[in-house]
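Student: Please read through the structure below; I'll follow up with questions.
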Amino acid sequence: MEAPQEGTFAYLILAGLGFMLLLTLMVVIFVVFYQRKFFRQQREMHQLEIRHQKEITEGIVQAQENERERIAQDLHDEVGASLSAARLFINQIQYEETLPDMIELADQAHGVLGTLVQEVRRVSHHLSPLVVEKLGFTGALRTLFQQLEVNGLVIEHHFSLEEKMLNREQQLALYRVVQEVSVNIIKHAEARRVTLELTQQPGFLRLWIEDDGKGFDNPKDSPATGIGLSGIRARASFLNARLTMDSAPGAGTRIEMLVPL
Amino acid sequence: MQYSVQQIMLSILVIPTWIAGIIAVIRFRRAEGWTKVLCYIQFLAFITQAYSDFLWHRKMTNLFLYPIYITLEGSLFIWMYSLMLKSTWLDKARIWLILLLAFAVCSKYFSFHSFQDFINHDVIDGLSRIIEGGIVIALVSAYFLKSFSEIKTPHIHREPAFWVSGGLLIYFSSTIILYIFANFARRYSQGFNQSFWVVHAAVNFLLYVAYSIALWKLPRKERLLI
């Protein structure tokens, strides 16, 4: 067998070297371009994160403002009005000449003050997380529903969860979400029946709230937008939950929240 | 004394080694951390190249320099990447990797009876270069992986570490083939052997150009203003 020519060896080795050179050059060029692309993607993601954080902060601020507005409104409409009425009754007593008239006015003042005490208790319950600590998460929700049913609303609820699976912050955030949704339903939905389900599923907790109210076309057109929805969104974000809302004019509203456990 | 075309090309292609050495001297005060080690590598290459050329012009064998150079250069690469990657694992493994490389390179010479045998031996130590190349390619890959996981700049080509790593990856990936056939080429024919080393010098040229760019791009040391 004839020995290979010098040129053949040279070509073979050069071809191998050329191939390796090309391959490594491609790797280096790939690194440059991929790194640039990756950097751009990371920057975009970072900006999205900042925007999201900003939205959450705005939501929290908005929720605080709404809460203050509601407290101010409650104090003005209920407490303020009742106190004015009580003051009037008490003031009137000095002008009455007969004892029965005085007693009647005192009774009326007593009635107004009794209502006022209840009202203050309601506002206090609404504000304080103690209700969740005292009665437990589901107990607090049941108490909330009893208060809401006074407004003529029929609430069907179904709980299937272990409370200890949720920590204190999660329980409070979920309680506030239900509270916020309920207030929106009473104020804006004109609903008669509300269904609420809290079911624990593998890896997450599902909160489902459905009402038979007037609904709305677009969440942006919802009367609840800017009032309670920003607070609900902020709390959903705090819980790392997925929040979906479905509504149509005349077809009620359905809210689903999936909270990872 | 007449030189062949290949010999003239070899002398020209070695110029970036001198340039990189000079830039390393100029930039030495700016260098810190891993870039200081890069300067040491250039000084080592500069001195070895000068001594090797001196022996070559005097028609003396310079092949005994290979194991010494590979051990020192490989150790400096390991040290440089342990500083560059800031990896605790590599910090701990650094000394063992250096000892392993030194043992792998020197074990072949334990059978020599005298130092003169070592000086006169006439075989290119291709295997040691391949071992060094394997270690360097692994370190370079670690650098590129880290550059993906901790992206700090959209322009990686402005980073000195990128030029060093890119140059080393190209050099060692390409020359592994050359070192496998180095002793075969030497025995095959003188012309083939010289062409062989011209190709090596061309890849080496790219490596030292990359070193020079990296050293030139070294940022200034930040000064504290009081």
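Ordering of the structure tokens sets the chain letters (A, B, ...); residue numbers start at 1 within each chain; ligands are numbered from 1 in the order shown.
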If you take only C-alpha atoms and a cut-off of 7 Å, which residues of chain B touch chain A, and what are their nearest atom pairs and distances in Å to one decimal, in chain and number order, as a tab-separated table?
Tutor:
residue	atom	partner	partner_atom	distance
B:Phe148	CA	A:Gln35	CA	6.4
B:Ile151	CA	A:Phe39	CA	6.3
B:Pro154	CA	A:Arg36	CA	4.7
B:His155	CA	A:Arg36	CA	6.5
B:Ile156	CA	A:Val32	CA	6.2
B:His157	CA	A:Val32	CA	6.7
B:Gly166	CA	A:Val28	CA	6.1
B:Leu169	CA	A:Thr24	CA	6.7
B:Ile170	CA	A:Thr24	CA	5.4
B:Ser173	CA	A:Met20	CA	6.2
B:Ser174	CA	A:Met20	CA	5.2
B:Ile177	CA	A:Leu17	CA	6.5
B:Phe192	CA	A:Glu6	CA	6.8
Student: Can you tell me which residues surround range 129-135 of chain B at a distance of at most 6 Å, considering only C-alpha atoms, apart from same-chain residues fewer than 5 positions away, and format the answer as number ranges by chain?
Tutor: B: 74, 172, 176
Student: Contacts of Ile26 in chain B at 10 Å or less, counting only C-alpha atoms, minus same-chain residues fewer than 5 places along, as a PDB file with C-alpha atoms, in the first residue's frame?
Tutor:
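Heads up, here's the output in out.pdb:
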ATOM      1  CA  ALA B  20       1.131  41.541  24.334  1.00  0.00           C
ATOM      2  CA  GLY B  21       4.204  41.447  26.611  1.00  0.00           C
ATOM      3  CA  ALA B  31      -4.148  45.494  36.599  1.00  0.00           C
ATOM      4  CA  CYS B  39       0.093  40.103  32.991  1.00  0.00           C
ATOM      5  CA  LEU B 215      -4.962  44.135  28.241  1.00  0.00           C
ATOM      6  CA  TRP B 216      -5.643  47.325  26.279  1.00  0.00           C
TER       7      TRP B 216
END
